[in-house]
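Chemist: Let me give you the structure first, and then I'll get to my questions.
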Amino acid sequence: MNSREKKLITLVLFLLVLLVLYYLVYRPIKNEERKLESEISSLQQELDDLRVEYDKLPEYRESILLAQENIEWILEKYPSGLTQEDAFFLLFQVENEFDDIKIETLDFTDVEILNYSDENNDENTARSLKQSVGTSLKFEYSDLKRFLRFIESYDDRIVLEGLTLNMEPEDDLMSASILVNMYAIASESRPYEPPTFDPVDIGNPDPFIAGEANESEEVVVRPTDGDGDFFIRLKPTESDIDAQIIGRRNDDNQSTYVRSDLNQEVSAIIRIYEENGQYLANYDVQGDFVEAVLFELGQVLEIDLYSSSRLGADDLSAMILTVFNQTEEILYLNTIEEDATNPRLKIITSEGKVVVE
């Protein structure tokens, strides 16, 4: 091997070493450098964006505080719960505001859940609620604008959904069919307090113990014919008849009966009034309604209650009763039978002269 060949071999080996160094050392380092430069560029862009957002932080905090104030302002307009008692309370507020108003009928739906704020179902999960209330009223035309202002300025959130007016020329009154929607926002963080009604005089809590009479007062025994004009019968759902019934006495065809057969506390309304010298009644049990039931008044105006004892803790059959006595007579609610420890009948309020015995 001559010197020329040695030089050529040396050159080839040198080139091979350079080639190996390029692919195994330089090129990977260069690729990593380009990658790092790209990451630096990307991070720099994120840093610039974060600096811009950081500069806006006071503005964001102010917007959050403003949003919280708006949320609190909105929540103040919505009650934290909604039950049938709220519908009754609205009606009684209308009666207190308008002395001459006459309530003909009342109907309301079950409380409906419109939507949830999220799907976590924790203490921060809010539910929007809705209940529709329909009623028929009679009042003077001058009270119409006052009534609309009353609805608009009511403390809780209610919306007038429908209003139909008709003039009654015979008594110069307007008859109105009104539908309003009541709304609420409920959550575990907003405890609900039901409305408070005026207490109802239930008479002597123990009918077998005579009350103390003042010697200077004359003890008056009220007249009775021993047979109420209407009756309320409350039984467990396991019985052979419906659990909740209201009806007129001596109705063999049971055409005046309204019924419900639910193992729960149901809502009922009974309205007794006088028209053209005749006594009539409207009543409703959980949406089963009958109106203008004509009856002959005996010595006194009476409703007899027959409520059997509960079968146990699972026997939930009961009734929340609202009574409207729009006559000059005293309406006596006679408790013939009732569960002594857990009564099935609850009167949340009444209008007119009502005595519970």
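Chain labels follow the order of the structure tokens: the first chain is A, the next B, and so on; residue numbering restarts at 1 in every chain, and ligands are counted from 1 in their shown order.
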Would you mind writing down, as an MDAnalysis selection string, each residue of stretch 91-340 of chain A that DSSP on the backbone assigns to helix (DSSP H, G or I)?

Modeler: chainID A and resid 91:97 143:152

Chemist: Using only C-alpha atoms, which residues sit within 8 Å of A:Ser117 once same-chain residues fewer than 3 positions away are excluded, as a PyMOL selection string?

Modeler: chain A and resi 125-127

Chemist: Taking only stretch 48-144 of chain A into account, list the residues labelled strand (DSSP E) by DSSP (computed from the backbone), as number ranges by chain.

Modeler: A: 102-108, 112-116, 127-139

Chemist: Identify which of the residues A:Glu152, A:Glu5, A:Glu296, A:Glu95 lies closest to A:Phe324, counting only C-alpha atoms when measuring atom-to-atom distances.

Modeler: A:Glu95

Chemist: With distances taken over only C-alpha atoms, which residue among A:Phe108, A:Phe89, A:Tyr141, A:Tyr306 lies nearest A:Asn334?

Modeler: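 Looking at the shortest contact to A:Asn334, the residue is A:Tyr306.
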
Chemist: Can you list, as a PyMOL selection string, every protein, DNA or RNA residue that comes within 8 Å of stretch 262-276 of chain A when you count only C-alpha atoms, leaving out same-chain residues fewer than 5 positions away?

Modeler: chain A and resi 84+236-237+243-244+281-286+315-327

Chemist: Distance atom CA of A:Asn181-atom CA of A:Gly81, one decimal place?

Modeler: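 The value is 13.9 Å.
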
Chemist: Determine, counting only C-alpha atoms, which protein, DNA and RNA residues have an atom within 8 Å of an atom of A:Phe295; residues of the same chain fewer than 3 positions away are not included. Present the result as an NGL selection string.

Modeler: :A and (229 or 248 or 278-280)

Chemist: Between atom CA of A:Val180 and atom CA of A:Glu76, what is the spacing in Å?

Modeler: 19.5 Å
